[in-house]
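*Asks:* So that we are looking at the same thing, I have put the structure below in structure tokens.
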Amino acid sequence: SKPKITINQDKCIGCNTCPLVDPEVFALDQSTYKAIVKQQPPDGQIPPQTQTAIDSCPVQAIVVVEEP
């Protein structure tokens, strides 16, 4: 199984922390002002910088789910 990053749009407050920490994976949607996942991490691994961005979310809106 490989991890897939999702963002709970109901929880996201658009604080812009995750794109600042990891701009490769996260971006701020200019129409909703909420975070989006630009691209999933390669190789089925969550890189340290991406994990830091996930951990930095003040409302825990970023969720990692395992996909088969």
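Going through the structure tokens in order, the chains are called A, B, and so on, while each chain numbers its residues from 1 and the ligands are numbered from 1 in the order shown.
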Could you list, as a list of chain:residue names, every residue within 8 Å of Pro19 of chain A, counting only C-alpha atoms and ignoring same-chain residues fewer than 5 positions away?

*Replies:*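 Once the adjacent positions are removed, what remains is A:Glu24, A:Val25, A:Phe26, A:Ala27, A:Leu28, A:Ala35, A:Ala53.
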
*Asks:* Within 9 Å of segment 38-50 of chain A, counting only C-alpha atoms, which residues show up once you throw out same-chain ones fewer than 2 positions away? Write them as a PyMOL selection string, please.

*Replies:* chain A and resi 1-5+18+21-27+36+52-55

*Asks:* What gap, in Å, lies between atom CA of Ile62 of chain A and atom CA of Tyr33 of chain A?

*Replies:*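 Computing the Euclidean distance for atom CA of Ile62 of chain A and atom CA of Tyr33 of chain A yields 15.1 Å.
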
*Asks:* Could you please determine the separation between atom CA of Val64 of chain A and atom CA of Ser31 of chain A in Å, to one decimal place?

*Replies:* 24.0 Å

*Asks:* Taking the DSSP secondary structure from the backbone, can you list the residues of segment 5-61 of chain A that are strand (DSSP E or B), as a ChimeraX atom specification?

*Replies:* /A:5-7,26-28,35-37
